[in-house]
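Coordinates from my_file.cif are shown below (mmCIF, C-alpha atoms).
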```cif
data_coords
#
loop_
_atom_site.label_atom_id
_atom_site.label_comp_id
_atom_site.auth_asym_id
_atom_site.auth_seq_id
_atom_site.Cartn_x
_atom_site.Cartn_y
_atom_site.Cartn_z
CA MET A 1341 -63.38 28.26 121.84
CA SER A 1342 -63.06 29.72 118.41
CA THR A 1343 -63.13 33.48 118.13
CA ALA A 1344 -64.33 33.33 114.56
CA ASN A 1345 -66.48 36.24 113.47
CA ALA A 1346 -69.33 36.40 110.96
CA THR A 1347 -67.01 36.92 108.01
CA GLU A 1348 -66.03 33.27 108.18
CA THR A 1349 -68.18 30.46 106.86
CA LEU A 1350 -69.56 27.50 108.72
CA SER A 1351 -69.85 24.37 106.61
CA LEU A 1352 -72.85 22.55 108.04
CA GLU A 1353 -73.37 18.94 106.93
CA ILE A 1354 -76.93 17.93 107.76
CA TRP A 1355 -78.54 14.51 107.37
CA ARG A 1356 -81.38 14.60 104.86
CA GLY A 1357 -83.80 11.77 104.40
CA GLY A 1358 -84.99 8.97 106.65
CA ALA A 1359 -83.25 5.73 107.51
CA VAL A 1360 -81.77 6.02 104.04
CA GLY A 1361 -80.46 9.40 103.05
CA GLU A 1362 -77.34 11.48 102.75
CA PHE A 1363 -75.53 14.41 104.24
CA ARG A 1364 -75.98 17.69 102.44
CA THR A 1365 -73.67 20.60 103.01
CA TYR A 1366 -74.96 24.10 103.72
CA ARG A 1367 -72.81 27.16 104.15
CA ILE A 1368 -73.84 29.88 106.54
CA PRO A 1369 -71.93 32.65 108.30
CA MET A 1370 -69.87 31.38 111.22
CA ARG A 1371 -71.00 32.80 114.51
CA ALA A 1372 -69.08 31.10 117.27
CA SER A 1373 -71.44 32.18 120.04
CA GLU A 1374 -74.64 30.96 118.42
CA THR A 1375 -75.94 27.52 119.20
CA VAL A 1376 -76.03 24.53 116.89
CA LEU A 1377 -79.82 24.78 117.02
CA ASP A 1378 -79.55 28.40 115.84
CA ALA A 1379 -77.37 27.26 112.94
CA VAL A 1380 -79.82 24.52 111.94
CA SER A 1381 -82.68 27.01 112.20
CA GLU A 1382 -80.80 29.43 109.97
CA VAL A 1383 -80.46 26.78 107.29
CA GLN A 1384 -84.14 25.92 107.54
CA ARG A 1385 -85.28 29.55 107.41
CA SER A 1386 -82.84 30.96 104.88
CA THR A 1387 -81.92 28.06 102.60
CA ASP A 1388 -84.13 25.00 102.80
CA PRO A 1389 -87.58 25.24 104.42
CA THR A 1390 -88.12 21.50 103.94
CA LEU A 1391 -85.50 20.69 106.58
CA ALA A 1392 -87.19 18.90 109.49
CA TYR A 1393 -85.91 19.17 113.04
CA ARG A 1394 -87.41 19.38 116.49
CA PHE A 1395 -87.17 21.92 119.26
CA ALA A 1396 -89.41 23.68 121.75
CA CYS A 1397 -88.01 25.64 124.67
CA ARG A 1398 -84.56 26.60 123.32
CA VAL A 1399 -83.27 26.95 126.89
CA GLY A 1400 -82.32 23.42 127.91
CA MET A 1401 -85.52 22.47 129.65
CA CYS A 1402 -87.64 20.41 127.26
CA GLY A 1403 -85.10 17.94 125.91
CA SER A 1404 -86.50 17.91 122.39
CA CYS A 1405 -83.59 19.26 120.36
CA ALA A 1406 -80.99 16.54 120.92
CA MET A 1407 -79.04 15.55 117.82
CA MET A 1408 -75.74 13.97 116.88
CA VAL A 1409 -73.23 16.78 116.51
CA ASN A 1410 -69.92 15.66 115.04
CA ASP A 1411 -70.89 12.08 115.95
CA ARG A 1412 -71.60 12.90 119.59
CA PRO A 1413 -75.12 13.32 120.99
CA ARG A 1414 -75.74 16.79 122.38
CA TRP A 1415 -78.57 19.13 123.31
CA THR A 1416 -78.21 21.54 120.45
CA CYS A 1417 -79.90 24.51 122.10
CA ARG A 1418 -77.12 24.69 124.68
CA THR A 1419 -74.20 23.76 122.47
CA ARG A 1420 -72.29 26.66 120.99
CA VAL A 1421 -71.00 26.36 117.46
CA GLY A 1422 -67.61 27.72 118.46
CA VAL A 1423 -67.12 24.94 120.98
CA VAL A 1424 -67.85 22.03 118.66
CA ALA A 1425 -66.97 23.21 115.14
CA ARG A 1426 -63.71 21.76 113.87
CA GLY A 1427 -62.03 23.60 111.03
CA GLY A 1428 -65.23 25.50 110.33
CA ARG A 1429 -67.20 22.27 109.87
CA LEU A 1430 -70.09 20.72 111.71
CA ARG A 1431 -71.89 17.46 110.99
CA VAL A 1432 -75.41 17.21 112.37
CA ALA A 1433 -77.37 13.96 112.29
CA PRO A 1434 -80.41 12.44 113.99
CA LEU A 1435 -79.93 10.68 117.32
CA ARG A 1436 -78.51 7.16 117.14
CA HIS A 1437 -80.56 4.09 118.04
CA LEU A 1438 -83.93 5.65 117.20
CA PRO A 1439 -85.97 5.42 113.99
CA VAL A 1440 -85.50 8.46 111.78
CA VAL A 1441 -88.77 10.12 110.84
CA LYS A 1442 -87.28 12.75 108.57
CA ASP A 1443 -83.97 14.57 108.47
CA LEU A 1444 -83.08 15.37 112.10
CA VAL A 1445 -86.35 14.19 113.62
CA VAL A 1446 -86.39 10.80 115.30
CA ASP A 1447 -89.28 8.78 116.65
CA MET A 1448 -88.92 8.87 120.43
CA ALA A 1449 -91.65 6.25 120.96
CA PRO A 1450 -89.24 3.31 121.50
CA PHE A 1451 -87.30 5.41 123.99
CA PHE A 1452 -90.34 6.22 126.11
CA ALA A 1453 -91.81 2.73 125.68
CA LYS A 1454 -88.75 1.48 127.52
CA TRP A 1455 -89.46 3.91 130.35
CA GLN A 1456 -92.82 2.18 130.70
CA GLN A 1457 -91.21 -1.26 130.53
CA ALA A 1458 -88.92 -0.20 133.36
CA HIS A 1459 -91.93 0.99 135.39
CA GLY A 1460 -90.51 4.48 135.07
CA ARG A 1461 -93.62 6.07 136.49
CA PHE A 1462 -94.72 6.87 140.01
CA GLU A 1463 -97.14 4.25 141.29
CA PRO A 1464 -99.08 5.28 144.40
CA GLY A 1465 -100.71 1.87 144.68
CA VAL A 1466 -104.34 0.98 145.21
CA ALA A 1467 -104.26 2.43 148.70
CA PRO A 1468 -102.08 5.55 148.63
CA PHE A 1469 -100.80 7.03 151.86
CA ARG A 1470 -103.42 9.23 153.47
CA ASP A 1471 -100.94 11.61 155.01
CA PHE A 1472 -97.97 13.44 153.53
CA ALA A 1473 -94.84 11.32 153.40
CA ARG A 1474 -92.14 12.85 155.53
CA VAL A 1475 -88.92 12.61 153.55
CA ALA A 1476 -85.82 13.98 155.22
CA PRO A 1477 -83.80 15.95 152.64
CA ALA A 1478 -80.60 14.44 154.01
CA SER A 1479 -81.84 10.85 153.86
CA ALA A 1480 -79.92 8.48 151.61
CA GLU A 1481 -83.02 7.69 149.57
CA ARG A 1482 -83.87 11.34 148.97
CA GLN A 1483 -80.31 12.15 147.96
CA ALA A 1484 -80.15 9.17 145.60
CA ALA A 1485 -83.42 10.26 143.98
CA ASP A 1486 -82.27 13.88 143.83
CA ALA A 1487 -79.15 12.86 141.91
CA GLY A 1488 -81.20 11.61 138.98
CA ILE A 1489 -84.46 13.50 139.17
CA GLU A 1490 -83.56 16.34 136.79
CA CYS A 1491 -83.60 14.14 133.68
CA ILE A 1492 -85.33 15.96 130.82
CA GLY A 1493 -85.76 12.87 128.64
CA CYS A 1494 -83.66 14.24 125.79
CA GLY A 1495 -82.36 10.83 124.70
CA VAL A 1496 -78.71 11.91 124.62
CA CYS A 1497 -77.66 9.10 126.96
CA TYR A 1498 -79.66 6.58 124.93
CA ALA A 1499 -77.92 7.66 121.73
CA ALA A 1500 -74.51 7.58 123.42
CA CYS A 1501 -74.92 4.07 124.82
CA ASP A 1502 -73.26 1.36 122.72
CA VAL A 1503 -75.15 -1.38 124.55
CA VAL A 1504 -78.44 0.04 123.25
CA GLY A 1505 -77.08 -0.45 119.75
CA TRP A 1506 -75.89 -3.98 120.44
CA ASN A 1507 -78.91 -5.14 122.39
CA PRO A 1508 -82.25 -3.73 121.16
CA ASP A 1509 -83.97 -5.04 124.29
CA TYR A 1510 -81.74 -3.03 126.62
CA LEU A 1511 -83.86 -0.52 128.49
CA GLY A 1512 -81.19 2.14 128.32
CA PRO A 1513 -79.72 4.61 130.78
CA ALA A 1514 -82.60 7.08 130.98
CA ALA A 1515 -85.28 4.50 131.76
CA LEU A 1516 -83.06 2.81 134.33
CA ASN A 1517 -82.16 6.15 135.88
CA ARG A 1518 -85.85 6.96 136.25
CA ALA A 1519 -86.48 3.54 137.75
CA TRP A 1520 -83.72 4.15 140.28
CA THR A 1521 -85.20 7.47 141.38
CA LEU A 1522 -88.52 5.71 141.95
CA MET A 1523 -86.89 2.84 143.83
CA ASN A 1524 -85.78 5.52 146.24
CA ASP A 1525 -89.21 7.13 146.51
CA VAL A 1526 -90.66 6.00 149.82
CA ARG A 1527 -94.18 6.79 148.61
CA ASP A 1528 -94.02 4.45 145.62
CA GLN A 1529 -95.74 1.10 146.09
CA ALA A 1530 -94.54 -0.82 143.05
CA ARG A 1531 -90.91 -1.19 143.89
CA ARG A 1532 -90.99 -4.98 143.85
CA GLU A 1533 -92.54 -5.04 140.37
CA ARG A 1534 -90.16 -2.36 139.17
CA LEU A 1535 -87.14 -4.25 140.45
CA ALA A 1536 -88.35 -7.37 138.65
CA ALA A 1537 -88.77 -5.32 135.45
CA VAL A 1538 -85.25 -3.87 135.57
CA SER A 1539 -83.60 -7.12 136.72
CA GLY A 1540 -84.67 -9.24 133.77
CA PRO A 1541 -83.17 -9.59 130.29
CA GLY A 1542 -82.39 -6.15 128.87
CA GLY A 1543 -82.35 -4.67 132.35
CA CYS A 1544 -79.64 -3.17 134.51
CA ALA A 1545 -77.42 -6.26 134.30
CA SER A 1546 -76.91 -5.60 130.59
CA CYS A 1547 -75.02 -2.36 131.32
CA HIS A 1548 -71.26 -2.67 130.71
CA THR A 1549 -70.43 0.47 132.69
CA HIS A 1550 -68.92 2.21 129.66
CA MET A 1551 -70.19 5.45 131.24
CA ALA A 1552 -70.95 7.08 127.89
CA CYS A 1553 -74.32 8.12 129.36
CA THR A 1554 -72.69 9.85 132.28
CA GLU A 1555 -70.09 11.42 130.02
CA THR A 1556 -72.66 12.95 127.68
CA CYS A 1557 -75.65 13.75 129.91
CA PRO A 1558 -76.31 17.46 129.42
CA LYS A 1559 -77.85 17.69 132.89
CA ALA A 1560 -74.74 16.21 134.52
CA ILE A 1561 -76.72 13.24 135.79
CA ALA A 1562 -74.84 9.97 136.30
CA PRO A 1563 -77.10 7.17 135.03
CA THR A 1564 -74.18 4.82 135.60
CA TYR A 1565 -74.55 5.46 139.33
CA ALA A 1566 -78.27 4.79 139.11
CA ILE A 1567 -77.71 1.55 137.20
CA ALA A 1568 -75.09 0.47 139.74
CA GLY A 1569 -77.69 1.00 142.45
CA LEU A 1570 -80.19 -1.13 140.56
CA LYS A 1571 -77.55 -3.84 140.11
CA ARG A 1572 -76.99 -3.90 143.86
CA LEU A 1573 -80.72 -4.28 144.45
CA ALA A 1574 -80.98 -6.98 141.77
CA ILE A 1575 -78.11 -8.97 143.30
CA ARG A 1576 -79.61 -8.69 146.77
CA ALA A 1577 -82.96 -9.85 145.46
CA ALA A 1578 -81.35 -12.79 143.63
CA LEU A 1579 -79.58 -13.79 146.84
CA GLY A 1580 -82.73 -13.39 148.88
CA VAL A 1581 -81.30 -10.50 150.89
CA ARG A 1582 -83.85 -7.92 151.95
CA PRO A 1583 -83.09 -4.39 150.76
CA MET B 465 -78.75 -11.25 131.87
CA ASN B 466 -80.92 -11.47 134.93
CA GLY B 467 -80.30 -10.85 138.61
CA ALA B 468 -79.18 -14.40 139.33
CA LEU B 469 -76.59 -14.38 136.54
CA LEU B 470 -75.43 -10.93 137.62
CA ALA B 471 -74.97 -12.19 141.17
CA ALA B 472 -73.10 -15.27 139.92
CA SER B 473 -70.91 -13.07 137.73
CA ARG B 474 -70.04 -10.69 140.55
CA ILE B 475 -69.42 -13.35 143.20
CA SER B 476 -67.23 -15.39 140.83
CA ALA B 477 -65.35 -12.18 139.98
CA LEU B 478 -64.65 -11.65 143.67
CA VAL B 479 -63.19 -15.16 143.94
CA LEU B 480 -61.20 -14.66 140.74
CA ALA B 481 -59.72 -11.39 141.99
CA VAL B 482 -58.27 -13.14 145.03
CA ALA B 483 -57.24 -16.27 143.12
CA VAL B 484 -55.51 -14.35 140.33
CA ALA B 485 -53.64 -12.19 142.85
CA VAL B 486 -52.39 -15.29 144.73
CA HIS B 487 -51.59 -17.03 141.44
CA LEU B 488 -49.49 -14.09 140.24
CA TYR B 489 -47.72 -13.88 143.58
CA VAL B 490 -46.88 -17.59 143.42
CA ILE B 491 -45.54 -17.27 139.86
CA ILE B 492 -43.35 -14.27 140.70
CA ASP B 493 -42.12 -15.88 143.91
CA ALA B 494 -41.29 -19.16 142.17
CA VAL B 495 -39.39 -17.37 139.40
CA GLN B 496 -37.45 -15.21 141.83
CA GLN B 497 -36.52 -18.25 143.90
CA GLY B 498 -35.47 -20.08 140.75
CA LEU B 499 -37.58 -23.13 141.57
CA THR B 500 -37.43 -26.05 139.16
CA ALA B 501 -40.51 -27.93 138.00
CA ALA B 502 -39.59 -30.76 140.32
CA ALA B 503 -39.27 -28.40 143.26
CA LEU B 504 -42.66 -26.83 142.44
CA LEU B 505 -44.37 -30.20 142.17
CA GLY B 506 -42.72 -31.23 145.43
CA ARG B 507 -44.47 -28.32 147.14
CA THR B 508 -47.85 -28.85 145.53
CA HIS B 509 -47.93 -32.62 145.99
CA GLY B 510 -50.52 -33.50 148.61
CA ASN B 511 -50.99 -29.83 149.40
CA TRP B 512 -54.70 -29.44 150.22
CA ALA B 513 -54.45 -25.66 150.48
CA PHE B 514 -53.14 -25.59 146.91
CA LEU B 515 -55.94 -27.84 145.71
CA ALA B 516 -58.58 -25.78 147.53
CA LEU B 517 -57.28 -22.50 146.09
CA TYR B 518 -57.00 -23.72 142.52
CA GLY B 519 -60.25 -25.65 142.81
CA CYS B 520 -62.00 -22.39 143.72
CA PHE B 521 -60.10 -20.64 140.91
CA VAL B 522 -61.28 -23.17 138.34
CA LEU B 523 -64.87 -23.19 139.54
CA ALA B 524 -65.04 -19.38 139.58
CA ALA B 525 -63.61 -19.24 136.05
CA SER B 526 -66.07 -21.88 134.85
CA VAL B 527 -68.94 -19.72 136.13
CA HIS B 528 -67.58 -16.31 135.15
CA ALA B 529 -66.35 -17.00 131.62
CA PRO B 530 -69.61 -18.38 130.15
CA ILE B 531 -71.61 -15.48 131.60
CA GLY B 532 -69.27 -12.98 129.97
CA LEU B 533 -69.25 -14.92 126.71
CA ARG B 534 -73.04 -14.98 126.78
CA ALA B 535 -73.13 -11.19 126.52
CA VAL B 536 -70.46 -11.17 123.82
CA LEU B 537 -72.31 -13.76 121.74
CA ALA B 538 -75.62 -11.95 122.07
CA GLU B 539 -74.37 -8.42 121.46
CA TRP B 540 -71.69 -8.99 118.85
CA LEU B 541 -72.95 -12.04 116.99
CA GLY B 542 -76.68 -11.85 117.69
CA CYS B 543 -76.49 -15.40 119.01
CA SER B 544 -78.78 -15.98 121.97
CA GLY B 545 -81.48 -18.34 123.14
CA LYS B 546 -81.63 -21.82 124.58
CA LEU B 547 -79.13 -23.34 122.16
CA ALA B 548 -76.56 -20.64 122.93
CA ASP B 549 -77.18 -21.09 126.67
CA ALA B 550 -76.76 -24.85 126.34
CA LEU B 551 -73.48 -24.40 124.48
CA LEU B 552 -72.26 -21.97 127.12
CA ILE B 553 -73.17 -24.35 129.94
CA GLY B 554 -71.19 -26.99 128.07
CA PHE B 555 -68.28 -24.56 127.79
CA GLY B 556 -68.42 -23.89 131.52
CA ILE B 557 -68.41 -27.61 132.28
CA LEU B 558 -65.46 -28.06 129.91
CA ILE B 559 -63.48 -25.38 131.73
CA ALA B 560 -64.37 -26.94 135.08
CA VAL B 561 -63.39 -30.47 134.01
CA LEU B 562 -60.14 -29.48 132.32
CA GLY B 563 -59.19 -27.10 135.12
CA MET B 564 -59.95 -29.53 137.94
CA ARG B 565 -58.09 -32.26 136.06
CA ALA B 566 -55.04 -30.01 135.82
CA ALA B 567 -55.22 -28.96 139.47
CA TRP B 568 -55.63 -32.59 140.57
CA ALA B 569 -52.72 -33.68 138.40
CA VAL B 570 -50.41 -31.17 140.06
CA PHE B 571 -51.77 -32.09 143.51
CA ALA B 572 -51.38 -35.80 142.97
CA ALA B 573 -48.09 -35.68 141.02
#
```
Transcribe the structure of this file into structure tokens.
Amino acid sequence: MSTANATETLSLEIWRGGAVGEFRTYRIPMRASETVLDAVSEVQRSTDPTLAYRFACRVGMCGSCAMMVNDRPRWTCRTRVGVVARGGRLRVAPLRHLPVVKDLVVDMAPFFAKWQQAHGRFEPGVAPFRDFARVAPASAERQAADAGIECIGCGVCYAACDVVGWNPDYLGPAALNRAWTLMNDVRDQARRERLAAVSGPGGCASCHTHMACTETCPKAIAPTYAIAGLKRLAIRAALGVRP
Amino acid sequence: MNGALLAASRISALVLAVAVAVHLYVIIDAVQQGLTAAALLGRTHGNWAFLALYGCFVLAASVHAPIGLRAVLAEWLGCSGKLADALLIGFGILIAVLGMRAAWAVFAA
């Protein structure tokens, strides 16, 4: 980590515009311990109030502040400038694979639409269980769901995934991870439909196991593991083997 | 890719893993023993185990390669659909025919 103090300058290149635009360079004092979101906020508040970006909680809970930082997707509220700045420079851009609304703001609608396509929602069925489901914390299903349940929907994995860029129909790591947690929810009553949704074109079989999602997930979730689980289920279903 | 193609891809990969390992072992062993072409053909002639192994090898390759190419064509060239699938099925058949012809030639030599 850099030990730069505030007498040094951070050269911040920020994407301005929409799908077409350019990087503009802003110079602010270098503070190694501040976050990239702090730096972007400083530009917006001290230099250019027209700069658009998105954030809410600032503490790594809401998942709204993800951006490309030096060509790698990151949650900017938990990324310190000193860790990622190279030679006093930072390049901040909107997330890959999503339509740019303005500057650093992307339209997350396609991302969440794919969650719906993957049946990434709890479905209690037309006749939900009357009693509480008893789920042993040590059960394999509970542990598999636990491994992926903390996703905050930031879109970092989606931006990191090359397959999303190559195949616009690919559901992406986050949606498939959510589907996997629900496939392991014993209360859910749409697992057959969900498995069909994630087994078709653009589903789990499209994943090339590059593991960029797992490498970049700020919550240390491993969507690759979730997708591998879905692949196992899809293969069993194709072979007529009961799960 | 759907579940059926994924299953076909994985099962053919399992067969290929074994076949490639045996194939490499045979190559290394033949080289180390200094076998001539005539000596090799003498061992493969009428050898049903050889034909079964390489028959499985060829069939697995003819299934596995088109499925992999299908993803490459779609993702890198934007080429997908029924025409692409038909071409890939033709490619798989070509691999199967040429491969089985080669294996049979060595078996029957």
Residues of chain A within 7 Å of chain B, counting only C-alpha atoms, what are they? List them as an MDAnalysis selection string. chainID A and resid 1506:1507 1539:1542 1545:1546 1574:1575 1578
May I have the selected residues written with C-alpha atoms, as a CSV table (one decimal), in the coordinates of the input?
```csv
chain,number,residue,atom,x,y,z
A,1506,TRP,CA,-75.9,-4.0,120.4
A,1507,ASN,CA,-78.9,-5.1,122.4
A,1539,SER,CA,-83.6,-7.1,136.7
A,1540,GLY,CA,-84.7,-9.2,133.8
A,1541,PRO,CA,-83.2,-9.6,130.3
A,1542,GLY,CA,-82.4,-6.2,128.9
A,1545,ALA,CA,-77.4,-6.3,134.3
A,1546,SER,CA,-76.9,-5.6,130.6
A,1574,ALA,CA,-81.0,-7.0,141.8
A,1575,ILE,CA,-78.1,-9.0,143.3
A,1578,ALA,CA,-81.4,-12.8,143.6
```
Compare A:Cys1544, A:Cys1553, A:Val1380, A:Val1466 by their minimum atom-to-atom distance to Leu1570 (chain A), counting all atoms listed in the file, and give me the closest one. A:Cys1544
Within 9 Å of Ser526 (chain B) using only C-alpha atoms, minus same-chain residues under 5 positions, as a list in words: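 Once the adjacent positions are removed, what remains is Ser476, Phe521, Ile553, Phe555, Gly556, Ile557, Leu558, Ile559, Ala560 and Gly563 of chain B.
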Could you please give me, as a list in words, the residues of protein, DNA or RNA lying at most 12 Å from (-89.3, 14.0, 102.2) in the coordinate frame of the file, considering only C-alpha atoms?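 Neighbouring residues, ordered by chain and number, come to Trp1355, Arg1356, Gly1357, Gly1358, Ala1359, Val1360, Gly1361, Pro1389, Thr1390, Leu1391, Ala1392, Val1440, Val1441, Lys1442, Asp1443, Leu1444 and Val1445 of chain A.
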Expansion of the PyMOL selection byres ((chain B and resi 485-501) around 12) into residues, as an NGL selection string: :B and (478-484 or 502-509 or 514 or 517-518 or 520-522 or 570 or 573)
Tell me which protein, DNA and RNA residues are within 8 Å of region 1489-1500 of chain A, counting only C-alpha atoms, leaving out same-chain ones fewer than 4 positions away, and put them as a PyMOL selection string. chain A and resi 1401-1407+1412-1415+1435-1438+1451+1485+1504+1512-1514+1518+1521+1552-1554+1556-1559+1561
Convert the output of the PyMOL selection byres ((chain A and resi 1526) around 10) on the shown file into explicit residues, formatted as an MDAnalysis selection string. chainID A and resid 1473:1475 1481:1482 1522:1525 1527:1529 1531
Calculate how many Å separate CA of Thr1564 (chain A) from CA of Gln1483 (chain A), rounding to one decimal.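 These atoms are spaced 15.6 Å apart.
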Could you put an axis-aligned box around every listed atom of region 1491-1510 of chain A, padded by 8 Å on each side, and send me its centre and edge lengths in Å to one decimal, as JSON?
```
{"center_x": -79.5, "center_y": 5.4, "center_z": 126.7, "size_x": 28.5, "size_y": 37.1, "size_z": 29.9}
```
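Note that CA of Met1408 (chain A) and CA of Val1424 (chain A) are 11.4 Å apart.
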Expand the PyMOL selection byres ((chain A and resi 1351-1353) around 7) into the explicit residue set it covers here, and present it as a ChimeraX atom specification. /A:1349-1350,1354-1355,1363-1368,1428-1432
In Å, how far is it from CA of Thr1387 (chain A) to CA of Thr1416 (chain A)?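 Straight-line distance from CA of Thr1387 (chain A) to CA of Thr1416 (chain A) works out to 19.4 Å.
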Find the residues around Thr1375 (chain A) up to 6 Å (only C-alpha atoms counted), leave out those fewer than 2 positions away in its own chain, and share them as a PyMOL selection string. chain A and resi 1377-1378+1417+1419-1421
Which residue of A:Val1581, A:Val1423, A:Ala1433, A:Ala1566 approaches Glu1362 (chain A) most closely, using all atoms listed in the file: A:Ala1433
Would you mind putting N, CA, C and O atoms back on region 466-479 of chain B and writing the result as a PDB file, in the frame of the given file?
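New file part.pdb:
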```
ATOM      1  N   ASN B 466     -79.987 -11.784 133.853  1.00  0.00           N
ATOM      2  CA  ASN B 466     -80.920 -11.470 134.930  1.00  0.00           C
ATOM      3  C   ASN B 466     -80.160 -11.323 136.252  1.00  0.00           C
ATOM      4  O   ASN B 466     -78.935 -11.427 136.309  1.00  0.00           O
ATOM      5  N   GLY B 467     -80.934 -11.098 137.322  1.00  0.00           N
ATOM      6  CA  GLY B 467     -80.300 -10.850 138.610  1.00  0.00           C
ATOM      7  C   GLY B 467     -79.455 -12.010 139.096  1.00  0.00           C
ATOM      8  O   GLY B 467     -78.376 -11.804 139.670  1.00  0.00           O
ATOM      9  N   ALA B 468     -79.922 -13.233 138.861  1.00  0.00           N
ATOM     10  CA  ALA B 468     -79.180 -14.400 139.330  1.00  0.00           C
ATOM     11  C   ALA B 468     -77.838 -14.521 138.612  1.00  0.00           C
ATOM     12  O   ALA B 468     -76.796 -14.792 139.227  1.00  0.00           O
ATOM     13  N   LEU B 469     -77.852 -14.314 137.292  1.00  0.00           N
ATOM     14  CA  LEU B 469     -76.590 -14.380 136.540  1.00  0.00           C
ATOM     15  C   LEU B 469     -75.666 -13.233 136.937  1.00  0.00           C
ATOM     16  O   LEU B 469     -74.450 -13.407 137.008  1.00  0.00           O
ATOM     17  N   LEU B 470     -76.252 -12.064 137.181  1.00  0.00           N
ATOM     18  CA  LEU B 470     -75.430 -10.930 137.620  1.00  0.00           C
ATOM     19  C   LEU B 470     -74.765 -11.244 138.952  1.00  0.00           C
ATOM     20  O   LEU B 470     -73.560 -10.991 139.128  1.00  0.00           O
ATOM     21  N   ALA B 471     -75.541 -11.828 139.868  1.00  0.00           N
ATOM     22  CA  ALA B 471     -74.970 -12.190 141.170  1.00  0.00           C
ATOM     23  C   ALA B 471     -73.862 -13.221 140.996  1.00  0.00           C
ATOM     24  O   ALA B 471     -72.779 -13.105 141.589  1.00  0.00           O
ATOM     25  N   ALA B 472     -74.109 -14.233 140.158  1.00  0.00           N
ATOM     26  CA  ALA B 472     -73.100 -15.270 139.920  1.00  0.00           C
ATOM     27  C   ALA B 472     -71.842 -14.659 139.302  1.00  0.00           C
ATOM     28  O   ALA B 472     -70.716 -15.016 139.665  1.00  0.00           O
ATOM     29  N   SER B 473     -72.042 -13.720 138.377  1.00  0.00           N
ATOM     30  CA  SER B 473     -70.910 -13.070 137.730  1.00  0.00           C
ATOM     31  C   SER B 473     -70.078 -12.279 138.730  1.00  0.00           C
ATOM     32  O   SER B 473     -68.849 -12.351 138.740  1.00  0.00           O
ATOM     33  N   ARG B 474     -70.764 -11.527 139.588  1.00  0.00           N
ATOM     34  CA  ARG B 474     -70.040 -10.690 140.550  1.00  0.00           C
ATOM     35  C   ARG B 474     -69.349 -11.509 141.630  1.00  0.00           C
ATOM     36  O   ARG B 474     -68.213 -11.229 142.015  1.00  0.00           O
ATOM     37  N   ILE B 475     -70.021 -12.531 142.144  1.00  0.00           N
ATOM     38  CA  ILE B 475     -69.420 -13.350 143.200  1.00  0.00           C
ATOM     39  C   ILE B 475     -68.211 -14.115 142.646  1.00  0.00           C
ATOM     40  O   ILE B 475     -67.151 -14.188 143.273  1.00  0.00           O
ATOM     41  N   SER B 476     -68.364 -14.671 141.425  1.00  0.00           N
ATOM     42  CA  SER B 476     -67.230 -15.390 140.830  1.00  0.00           C
ATOM     43  C   SER B 476     -66.076 -14.428 140.545  1.00  0.00           C
ATOM     44  O   SER B 476     -64.906 -14.797 140.673  1.00  0.00           O
ATOM     45  N   ALA B 477     -66.408 -13.173 140.214  1.00  0.00           N
ATOM     46  CA  ALA B 477     -65.350 -12.180 139.980  1.00  0.00           C
ATOM     47  C   ALA B 477     -64.586 -11.892 141.273  1.00  0.00           C
ATOM     48  O   ALA B 477     -63.362 -11.700 141.249  1.00  0.00           O
ATOM     49  N   LEU B 478     -65.310 -11.872 142.382  1.00  0.00           N
ATOM     50  CA  LEU B 478     -64.650 -11.650 143.670  1.00  0.00           C
ATOM     51  C   LEU B 478     -63.647 -12.774 143.953  1.00  0.00           C
ATOM     52  O   LEU B 478     -62.510 -12.526 144.363  1.00  0.00           O
ATOM     53  N   VAL B 479     -64.076 -14.008 143.715  1.00  0.00           N
ATOM     54  CA  VAL B 479     -63.190 -15.160 143.940  1.00  0.00           C
ATOM     55  C   VAL B 479     -61.995 -15.075 142.994  1.00  0.00           C
ATOM     56  O   VAL B 479     -60.841 -15.300 143.392  1.00  0.00           O
TER      57      VAL B 479
END
```
